[in-house]
Amino acid sequence: MPELTYREAVCKALADELRSDPDVIFFGEDVGEAGGVFKVTPGLYEEFGPNRVRDTPISEQAILGSALGAAITGLRPVAELMFADFIPVAMDQIVNQIAKYRYMSGGRLRTPLTVRAAQGGGVGFGTQHSQCAESWLASFPGIKVVSPADPAEAYGLLRGAIRDDNPVFVLEHKLLYSMKGEVAADAGPITLGKARIVRPGKHVTVVALQLMLQRAVEAANLLATEGIDVEVIDLRCVSPLDRATVLTSLEKTGRIVVVEESPSGAGWGGDIASLAADEGVYFLDAPVKRVNMGMTLTPYSPPLEDAAVPTTARITDAIRSVMHGYRRS
Amino acid sequence: MTAAQLPLAARQKALRSMLEIRIAEDRIQEMFMANLVRGTAHLCIGQEACSTGMAAALRPGDTVTCTYRGHGHALALGMGLRDLMSEMLGKAAGCCKGKGGSMHMTDASIGLLGANAIVGAQIPIAVGAALTAQVKGLPYIALTLFGEGATNIGAFHESLNMAAVMKLPVLFCCENNVYGEYSVWSKTTPLQDIAERAHSYNMPGIIVDGQDAEAVHDAVAAAAARARAGEGPTLIEFKTYRYKGHSRNDTAPYRPAGELDRWLARDPIQILKARMIADGQLDEAEFEELQHAAQVAVADAVDFAMAAPFPSLDELTRDILVD
Ligand SMILES: Cc1ncc(C[n+]2csc(CCOP(=O)(O)OP(=O)(O)O)c2C)c(N)n1
Ligand SMILES: [Mg+2]
């Protein structure tokens, strides 16, 4: 199987969709001739030409508004917003337009558009360039939100997003762009909305996404040496939420830890916690635990930034804490 | 516009300021390339006259908002090199306690209300600072700096319109350095000059040689006088150029051959230096002394910043809200 980096996998997914469907177009700031600020999209402009791959001015509202307009008139646009931190610049187009257009038309309009953006901390870019966007977006019915965790996922989920007839936000992680992984030569689109179990285990369920998923797997491997058998779920999408996979796992393990790379307030992890406390309450052998940034921001100073985002050590501690005194055989 | 001559002391100060910015920026680039700090830096090398000329025309009480390409603005407005270098390295002694970083040099005590990493976001904030002056009847102006690329953002247009109808004392200063990230501005902006955009908002739109600190000073001083007199905002376009790439890792491969050399021939430091030498105000030896002094000051600041402690971890949850 060929090895690709996460960024190459994103680019290949875009290229494959641009090739297979003439209605797919791709645009954003410096995505074309320059190949993207994160060097994710080189070669697309050359292969697909200036009609279908376009560089835009610095105009996020126009980028997302025009993606919507193009989507309801027959194209399948993919727009890039560069940093997820720029999502709020176009928030009206997202909240009041993209998420509501189909509903307000009584289902008569289709909005098949994809928005890509790079998110996450750990790179030293400071408070306005380090945020994760899942929890902002999860509160709007009418859009899907996907956070791929590795190259194969980045490839399949982006193709799945582009083929989806709904608006989809694909959030890529800056720290993962150079991660390598196998992407099958015959890999196809992954349908959105189904979580995956990346590591089966019987003592405790950990639900995470993206970078936090990588750290959760590290934590699980560490804890295996202590006899704690962790099941790690890659949620993939905060919206729509795959409740069944989470509940089935919780039924098996009786314990759950949710890891988010974002502040605690109105975080998507709260949705998982409430699912556990509601439909999963009779499965629970221990309190539900959330690991996140608390109500703090991502500062620039390296030691502070490293402390802001959940580390493998913090995840490990949280898992130990729900195991303490409750271990089942 | 031909620049009026600044008094000798002001010229000396401007030359020192531009040298300090140039040498500090070079050193910052070195530190980043040596991986002494992660993250990114946006240098203003080549654009020093905009910072220096702008700051020279302001008065105490005036306020400024600017961009991530803001080290020059901060230094020209009087930020100490140690404050700046410590911030660059994320140290507690930095102007923002290490929490802001390269893109957010801020110090209200020198009028610098914030450097912004969201393109265009600083523009309406300056409108608000001008609103304070107008509401309180204070003789201050607000000045905001942004790139030519930022004039394609909605916030720019809303700000100019609102400032114009309210006749607010705010100066909109565009440093047109030819590129917005990797795009030459002619590809994203259908105009000959950014200054044309002023006409839609019924305010003066002025074009200035951004490589000439004295010309920058004069234009800002004139617009500031107008604003202080209650006649409203002005859009000023500085024609300038960034010698380096957009940020840390950009080698600017998109630039046509020869373009950088043409701009290097109009270097802002060399322009003022040559003028002062021609006017008998400076000789080579004195220039070298100034340069040496700036190097020593920058080296001292870097040494200080390297030795300085990082903020303690409890800073993570401080300053989020007023207690
Ligand atoms: C709202 C928003 N969109 C995009 C970016 C990414 N970005 C950072 S700087 C930049 C180019 C800005 O160009 P210009 O306004 O000319 O300023 P310059 O960098 O040349 O000083 C872009 C697109 C951003 N920071 N904020
Ligand atoms: Mg520019």
# chains A, B, ... in the order shown; residues from 1 in each chain; ligands from 1
>>> interface_residues(of="chain B", to="chain A", cutoff="8 Å", atoms="only C-alpha atoms", output="PyMOL selection string")
chain B and resi 38-40+89-91+98-101+103+117-119+149-150+152-154+181-183+188-189+254+310-313+315-317+320
>>> residues_near_ligand(ligand="ligand 2", cutoff="8 Å", atoms="only C-alpha atoms and all ligand atoms", output="number ranges by chain")
B: 147-150, 175-181, 185
>>> write_last_selection(atoms="N, CA, C and O atoms", output="short mmCIF file (atom, residue, chain, number, x, y, z; two decimals), in the first residue's frame")
data_model
loop_
_atom_site.label_atom_id
_atom_site.label_comp_id
_atom_site.auth_asym_id
_atom_site.auth_seq_id
_atom_site.Cartn_x
_atom_site.Cartn_y
_atom_site.Cartn_z
N GLY B 147 -2.63 45.85 5.22
CA GLY B 147 -2.04 45.63 3.90
C GLY B 147 -3.05 45.89 2.79
O GLY B 147 -4.25 46.07 3.05
N GLU B 148 -2.57 45.89 1.56
CA GLU B 148 -3.48 46.08 0.43
C GLU B 148 -4.45 44.91 0.31
O GLU B 148 -5.61 45.10 -0.08
N GLY B 149 -3.99 43.72 0.73
CA GLY B 149 -4.87 42.55 0.65
C GLY B 149 -6.08 42.69 1.56
O GLY B 149 -7.17 42.20 1.25
N ALA B 150 -5.89 43.36 2.67
CA ALA B 150 -6.96 43.52 3.66
C ALA B 150 -8.09 44.40 3.15
O ALA B 150 -9.19 44.39 3.72
N GLU B 175 -0.45 49.85 3.89
CA GLU B 175 0.91 49.58 3.41
C GLU B 175 0.79 48.63 2.22
O GLU B 175 0.66 47.42 2.39
N ASN B 176 0.79 49.21 1.04
CA ASN B 176 0.69 48.38 -0.16
C ASN B 176 2.07 47.84 -0.50
O ASN B 176 2.87 48.51 -1.16
N ASN B 177 2.33 46.62 -0.02
CA ASN B 177 3.65 46.01 -0.24
C ASN B 177 3.63 45.01 -1.39
O ASN B 177 4.45 44.12 -1.47
N VAL B 178 2.65 45.15 -2.27
CA VAL B 178 2.56 44.43 -3.54
C VAL B 178 1.98 43.02 -3.42
O VAL B 178 1.29 42.56 -4.31
N TYR B 179 2.25 42.34 -2.30
CA TYR B 179 1.76 40.96 -2.17
C TYR B 179 0.88 40.79 -0.94
O TYR B 179 1.12 41.41 0.11
N GLY B 180 -0.14 39.97 -1.09
CA GLY B 180 -0.91 39.47 0.04
C GLY B 180 -0.63 37.98 0.08
O GLY B 180 -1.01 37.25 -0.83
N GLU B 181 0.08 37.56 1.10
CA GLU B 181 0.60 36.21 1.12
C GLU B 181 1.34 35.94 -0.19
O GLU B 181 2.30 36.64 -0.50
N TRP B 185 -0.91 41.69 -5.86
CA TRP B 185 -2.20 42.31 -5.57
C TRP B 185 -3.03 42.57 -6.81
O TRP B 185 -4.25 42.62 -6.74
#
>>> closest_residue(among="A:Gly28, A:Pro2, A:Pro50, A:Pro189", to="ligand 1", atoms="only C-alpha atoms and all ligand atoms")
A:Gly28
>>> residues_around(residues="Leu282 (chain B)", least_positions_apart="3", cutoff="12 Å", atoms="only C-alpha atoms", output="ChimeraX atom specification")
/B:8-9,11-12,15,272-279,285-290
>>> write_last_selection(atoms="all heavy atoms", output="short mmCIF file (atom, residue, chain, number, x, y, z; two decimals), in the first residue's frame")
data_model
loop_
_atom_site.label_atom_id
_atom_site.label_comp_id
_atom_site.auth_asym_id
_atom_site.auth_seq_id
_atom_site.Cartn_x
_atom_site.Cartn_y
_atom_site.Cartn_z
N LEU B 8 16.50 68.39 11.97
CA LEU B 8 17.64 67.47 12.11
C LEU B 8 17.38 66.39 13.16
O LEU B 8 17.60 65.21 12.91
CB LEU B 8 18.91 68.27 12.45
CG LEU B 8 20.16 67.41 12.71
CD1 LEU B 8 20.51 66.55 11.50
CD2 LEU B 8 21.34 68.28 13.09
N ALA B 9 16.91 66.80 14.33
CA ALA B 9 16.73 65.82 15.40
C ALA B 9 15.72 64.74 14.98
O ALA B 9 15.90 63.56 15.28
CB ALA B 9 16.25 66.51 16.67
N ARG B 11 15.07 63.79 11.92
CA ARG B 11 15.71 62.94 10.92
C ARG B 11 16.61 61.91 11.57
O ARG B 11 16.63 60.73 11.21
CB ARG B 11 16.55 63.79 9.96
CG ARG B 11 15.74 64.40 8.84
CD ARG B 11 16.68 65.11 7.88
NE ARG B 11 16.04 65.29 6.58
CZ ARG B 11 16.66 65.83 5.53
NH1 ARG B 11 17.93 66.23 5.63
NH2 ARG B 11 16.04 65.95 4.39
N GLN B 12 17.38 62.37 12.56
CA GLN B 12 18.28 61.44 13.25
C GLN B 12 17.48 60.35 13.94
O GLN B 12 17.83 59.17 13.89
CB GLN B 12 19.13 62.21 14.28
CG GLN B 12 20.22 63.03 13.62
CD GLN B 12 20.87 64.02 14.59
OE1 GLN B 12 20.24 64.46 15.56
NE2 GLN B 12 22.11 64.39 14.31
N LEU B 15 16.16 57.88 11.36
CA LEU B 15 17.21 56.99 10.86
C LEU B 15 17.52 55.90 11.90
O LEU B 15 17.62 54.72 11.57
CB LEU B 15 18.47 57.80 10.54
CG LEU B 15 19.55 57.08 9.73
CD1 LEU B 15 19.01 56.60 8.39
CD2 LEU B 15 20.76 58.00 9.52
N LEU B 272 16.98 58.04 3.24
CA LEU B 272 17.14 59.08 4.26
C LEU B 272 18.62 59.36 4.52
O LEU B 272 19.04 60.52 4.66
CB LEU B 272 16.42 58.68 5.56
CG LEU B 272 16.43 59.75 6.66
CD1 LEU B 272 15.79 61.05 6.18
CD2 LEU B 272 15.72 59.24 7.91
N LYS B 273 19.39 58.28 4.54
CA LYS B 273 20.84 58.45 4.76
C LYS B 273 21.45 59.36 3.68
O LYS B 273 22.16 60.33 4.00
CB LYS B 273 21.50 57.07 4.72
CG LYS B 273 23.02 57.10 4.81
CD LYS B 273 23.60 55.70 4.56
CE LYS B 273 25.10 55.76 4.35
NZ LYS B 273 25.65 54.52 3.81
N ALA B 274 21.14 59.05 2.43
CA ALA B 274 21.72 59.83 1.32
C ALA B 274 21.30 61.30 1.43
O ALA B 274 22.09 62.22 1.19
CB ALA B 274 21.27 59.24 -0.01
N ARG B 275 20.05 61.50 1.80
CA ARG B 275 19.55 62.87 1.91
C ARG B 275 20.29 63.62 3.02
O ARG B 275 20.65 64.79 2.86
CB ARG B 275 18.06 62.80 2.23
CG ARG B 275 17.27 63.89 1.57
CD ARG B 275 15.80 63.71 1.87
NE ARG B 275 15.10 62.95 0.85
CZ ARG B 275 13.90 62.39 1.04
NH1 ARG B 275 13.30 62.47 2.22
NH2 ARG B 275 13.31 61.76 0.07
N MET B 276 20.51 62.94 4.13
CA MET B 276 21.20 63.60 5.24
C MET B 276 22.67 63.85 4.90
O MET B 276 23.22 64.90 5.28
CB MET B 276 21.07 62.75 6.52
CG MET B 276 19.64 62.78 7.06
SD MET B 276 19.38 61.68 8.48
CE MET B 276 20.29 62.56 9.75
N ILE B 277 23.27 62.92 4.18
CA ILE B 277 24.67 63.15 3.78
C ILE B 277 24.74 64.34 2.82
O ILE B 277 25.55 65.25 2.98
CB ILE B 277 25.28 61.88 3.15
CG1 ILE B 277 25.50 60.83 4.25
CG2 ILE B 277 26.59 62.19 2.43
CD1 ILE B 277 26.02 59.49 3.78
N ALA B 278 23.80 64.37 1.87
CA ALA B 278 23.78 65.48 0.90
C ALA B 278 23.57 66.81 1.60
O ALA B 278 24.10 67.84 1.17
CB ALA B 278 22.69 65.23 -0.14
N ASP B 279 22.81 66.79 2.68
CA ASP B 279 22.54 68.04 3.41
C ASP B 279 23.60 68.34 4.47
O ASP B 279 23.42 69.22 5.31
CB ASP B 279 21.16 67.98 4.08
CG ASP B 279 20.03 67.99 3.05
OD1 ASP B 279 20.31 68.27 1.86
OD2 ASP B 279 18.88 67.70 3.43
N ALA B 285 30.97 57.58 8.72
CA ALA B 285 31.41 57.11 10.04
C ALA B 285 30.27 57.23 11.04
O ALA B 285 30.04 56.33 11.85
CB ALA B 285 32.62 57.93 10.49
N GLU B 286 29.56 58.33 10.98
CA GLU B 286 28.43 58.51 11.92
C GLU B 286 27.32 57.48 11.65
O GLU B 286 26.71 56.95 12.58
CB GLU B 286 27.86 59.93 11.79
CG GLU B 286 28.74 60.97 12.45
CD GLU B 286 28.42 62.40 12.00
OE1 GLU B 286 27.70 62.57 10.97
OE2 GLU B 286 28.89 63.32 12.65
N PHE B 287 27.11 57.22 10.37
CA PHE B 287 26.09 56.22 10.02
C PHE B 287 26.47 54.87 10.60
O PHE B 287 25.66 54.17 11.20
CB PHE B 287 25.93 56.13 8.50
CG PHE B 287 24.90 55.10 8.09
CD1 PHE B 287 23.54 55.37 8.18
CD2 PHE B 287 25.30 53.84 7.64
CE1 PHE B 287 22.60 54.41 7.82
CE2 PHE B 287 24.37 52.89 7.27
CZ PHE B 287 23.01 53.17 7.36
N GLU B 288 27.77 54.54 10.44
CA GLU B 288 28.21 53.25 10.98
C GLU B 288 28.07 53.17 12.49
O GLU B 288 27.74 52.13 13.05
CB GLU B 288 29.63 52.94 10.53
CG GLU B 288 29.61 51.99 9.34
CD GLU B 288 30.86 52.05 8.49
OE1 GLU B 288 31.97 52.04 9.07
OE2 GLU B 288 30.71 52.12 7.25
N GLU B 289 28.30 54.30 13.12
CA GLU B 289 28.11 54.34 14.58
C GLU B 289 26.66 54.07 14.94
O GLU B 289 26.37 53.31 15.87
CB GLU B 289 28.48 55.73 15.12
CG GLU B 289 29.86 55.82 15.72
CD GLU B 289 30.23 57.28 15.99
OE1 GLU B 289 29.41 57.99 16.63
OE2 GLU B 289 31.31 57.71 15.54
N LEU B 290 25.76 54.71 14.22
CA LEU B 290 24.33 54.49 14.49
C LEU B 290 23.97 53.02 14.30
O LEU B 290 23.25 52.42 15.10
CB LEU B 290 23.46 55.33 13.53
CG LEU B 290 23.39 56.83 13.79
CD1 LEU B 290 22.54 57.50 12.71
CD2 LEU B 290 22.80 57.11 15.17
#
>>> atom_distance(atom1="CA of Gly120 (chain B)", atom2="CA of Ala222 (chain B)")
24.2 Å
>>> select_by_dssp(residues="region 101-294 of chain A", states="strand (DSSP E or B)", output="ChimeraX atom specification")
/A:114-119,144-146,168-173,180-182,196-199,204-208,230-234,237-239,256-259,289-291
>>> select_by_dssp(residues="region 110-302 of chain A", states="alpha helix (DSSP H)", output="NGL selection string")
:A and (134-137 or 151-163 or 210-224 or 243-253 or 268-278 or 302)
>>> write_last_selection(atoms="C-alpha atoms", output="short mmCIF file (atom, residue, chain, number, x, y, z; two decimals), in the first residue's frame")
data_model
loop_
_atom_site.label_atom_id
_atom_site.label_comp_id
_atom_site.auth_asym_id
_atom_site.auth_seq_id
_atom_site.Cartn_x
_atom_site.Cartn_y
_atom_site.Cartn_z
CA GLU A 134 -15.82 21.45 16.10
CA SER A 135 -17.66 22.86 19.06
CA TRP A 136 -18.50 26.13 17.28
CA LEU A 137 -20.00 24.24 14.38
CA PRO A 151 -3.91 10.10 6.10
CA ALA A 152 -6.32 7.31 5.16
CA GLU A 153 -9.10 9.06 7.02
CA ALA A 154 -8.21 12.41 5.50
CA TYR A 155 -8.48 10.85 2.07
CA GLY A 156 -11.69 8.90 2.52
CA LEU A 157 -13.57 11.43 4.60
CA LEU A 158 -12.81 14.34 2.28
CA ARG A 159 -14.06 12.34 -0.67
CA GLY A 160 -17.09 11.39 1.38
CA ALA A 161 -17.65 15.04 2.25
CA ILE A 162 -17.47 16.20 -1.36
CA ARG A 163 -19.93 13.49 -2.43
CA GLN A 210 -7.89 13.85 15.31
CA LEU A 211 -4.81 14.91 17.29
CA MET A 212 -6.49 13.98 20.55
CA LEU A 213 -7.24 10.57 19.06
CA GLN A 214 -3.54 10.07 18.40
CA ARG A 215 -2.78 11.00 21.99
CA ALA A 216 -5.59 8.77 23.29
CA VAL A 217 -4.08 5.82 21.44
CA GLU A 218 -0.69 6.60 23.00
CA ALA A 219 -2.34 6.75 26.40
CA ALA A 220 -4.07 3.43 25.75
CA ASN A 221 -0.80 1.77 24.79
CA LEU A 222 0.84 3.06 27.96
CA LEU A 223 -2.00 1.86 30.15
CA ALA A 224 -1.95 -1.59 28.58
CA ARG A 243 -24.53 7.60 19.18
CA ALA A 244 -24.86 3.86 18.61
CA THR A 245 -21.12 3.17 18.42
CA VAL A 246 -20.50 5.16 21.60
CA LEU A 247 -23.33 3.49 23.52
CA THR A 248 -22.40 -0.02 22.40
CA SER A 249 -18.85 0.54 23.58
CA LEU A 250 -19.99 2.05 26.87
CA GLU A 251 -22.25 -0.92 27.47
CA LYS A 252 -19.19 -3.13 27.15
CA THR A 253 -16.74 -1.09 29.25
CA TRP A 268 -19.04 18.63 21.85
CA GLY A 269 -17.70 16.45 24.64
CA GLY A 270 -20.66 17.61 26.68
CA ASP A 271 -22.95 15.99 24.11
CA ILE A 272 -21.16 12.67 24.58
CA ALA A 273 -21.31 13.09 28.35
CA SER A 274 -25.02 13.78 28.23
CA LEU A 275 -25.55 10.77 25.98
CA ALA A 276 -23.72 8.63 28.54
CA ALA A 277 -25.68 10.16 31.42
CA ASP A 278 -28.99 9.69 29.63
CA PRO A 302 5.50 27.44 24.22
#
>>> residues_around(residues="Gly142 (chain A)", least_positions_apart="5", cutoff="10 Å", atoms="only C-alpha atoms", output="ChimeraX atom specification")
/A:94-95,97-103,111,137,166-168,239-240
>>> atom_distance(atom1="CA of Glu261 (chain A)", atom2="CA of Gly120 (chain A)")
7.4 Å
>>> residues_around(residues="Val165 (chain B)", least_positions_apart="4", cutoff="9 Å", atoms="only C-alpha atoms", output="list in words")
Leu160, Asn161, Tyr201, Asn202 and Gly232 of chain B
>>> closest_residue(among="B:Lys244, B:His199, B:Arg226, B:Arg82", to="ligand 1", atoms="only C-alpha atoms and all ligand atoms")
B:Lys244
>>> decode(residues="region 306-317 of chain A", atoms="all heavy atoms", output="short mmCIF file (atom, residue, chain, number, x, y, z; two decimals), in the first residue's frame")
data_model
loop_
_atom_site.label_atom_id
_atom_site.label_comp_id
_atom_site.auth_asym_id
_atom_site.auth_seq_id
_atom_site.Cartn_x
_atom_site.Cartn_y
_atom_site.Cartn_z
N ASP A 306 1.72 24.31 25.42
CA ASP A 306 1.77 22.86 25.62
C ASP A 306 0.89 22.42 26.78
O ASP A 306 0.35 21.31 26.78
CB ASP A 306 3.22 22.41 25.86
CG ASP A 306 4.05 22.54 24.59
OD1 ASP A 306 3.46 22.63 23.50
OD2 ASP A 306 5.29 22.56 24.68
N ALA A 307 0.76 23.30 27.78
CA ALA A 307 -0.07 22.94 28.94
C ALA A 307 -1.55 23.15 28.65
O ALA A 307 -2.40 22.56 29.31
CB ALA A 307 0.36 23.77 30.15
N ALA A 308 -1.87 23.99 27.68
CA ALA A 308 -3.28 24.31 27.41
C ALA A 308 -4.01 23.13 26.78
O ALA A 308 -5.14 22.80 27.15
CB ALA A 308 -3.37 25.53 26.49
N VAL A 309 -3.34 22.50 25.83
CA VAL A 309 -3.98 21.43 25.07
C VAL A 309 -3.75 20.11 25.81
O VAL A 309 -2.67 19.87 26.32
CB VAL A 309 -3.37 21.39 23.65
CG1 VAL A 309 -3.85 20.18 22.88
CG2 VAL A 309 -3.71 22.68 22.90
N PRO A 310 -4.78 19.23 25.91
CA PRO A 310 -4.60 17.97 26.62
C PRO A 310 -3.41 17.17 26.08
O PRO A 310 -3.25 17.01 24.87
CB PRO A 310 -5.91 17.23 26.37
CG PRO A 310 -6.92 18.31 26.20
CD PRO A 310 -6.18 19.42 25.48
N THR A 311 -2.59 16.71 27.00
CA THR A 311 -1.42 15.91 26.64
C THR A 311 -1.74 14.43 26.86
O THR A 311 -2.74 14.09 27.51
CB THR A 311 -0.25 16.27 27.57
OG1 THR A 311 -0.70 16.11 28.91
CG2 THR A 311 0.20 17.70 27.36
N THR A 312 -0.86 13.60 26.35
CA THR A 312 -1.02 12.16 26.59
C THR A 312 -1.05 11.88 28.09
O THR A 312 -1.84 11.05 28.57
CB THR A 312 0.14 11.41 25.92
OG1 THR A 312 0.14 11.75 24.53
CG2 THR A 312 -0.01 9.90 26.06
N ALA A 313 -0.21 12.59 28.84
CA ALA A 313 -0.17 12.37 30.29
C ALA A 313 -1.50 12.71 30.95
O ALA A 313 -2.00 11.97 31.81
CB ALA A 313 0.95 13.21 30.90
N ARG A 314 -2.11 13.82 30.52
CA ARG A 314 -3.40 14.19 31.12
C ARG A 314 -4.49 13.18 30.77
O ARG A 314 -5.37 12.88 31.58
CB ARG A 314 -3.83 15.58 30.64
CG ARG A 314 -3.39 16.67 31.62
CD ARG A 314 -3.77 18.04 31.11
NE ARG A 314 -5.20 18.24 31.03
CZ ARG A 314 -5.78 19.21 30.34
NH1 ARG A 314 -5.05 20.07 29.66
NH2 ARG A 314 -7.09 19.33 30.31
N ILE A 315 -4.42 12.69 29.54
CA ILE A 315 -5.42 11.69 29.13
C ILE A 315 -5.22 10.41 29.93
O ILE A 315 -6.18 9.81 30.43
CB ILE A 315 -5.31 11.43 27.60
CG1 ILE A 315 -5.57 12.72 26.81
CG2 ILE A 315 -6.30 10.33 27.18
CD1 ILE A 315 -5.20 12.65 25.34
N THR A 316 -3.96 10.04 30.09
CA THR A 316 -3.65 8.82 30.86
C THR A 316 -4.17 8.95 32.29
O THR A 316 -4.81 8.04 32.82
CB THR A 316 -2.12 8.60 30.87
OG1 THR A 316 -1.64 8.74 29.53
CG2 THR A 316 -1.75 7.22 31.38
N ASP A 317 -3.93 10.10 32.90
CA ASP A 317 -4.40 10.33 34.28
C ASP A 317 -5.92 10.23 34.36
O ASP A 317 -6.46 9.66 35.32
CB ASP A 317 -3.98 11.72 34.77
CG ASP A 317 -2.50 11.76 35.09
OD1 ASP A 317 -1.88 10.68 35.17
OD2 ASP A 317 -1.97 12.88 35.26
#
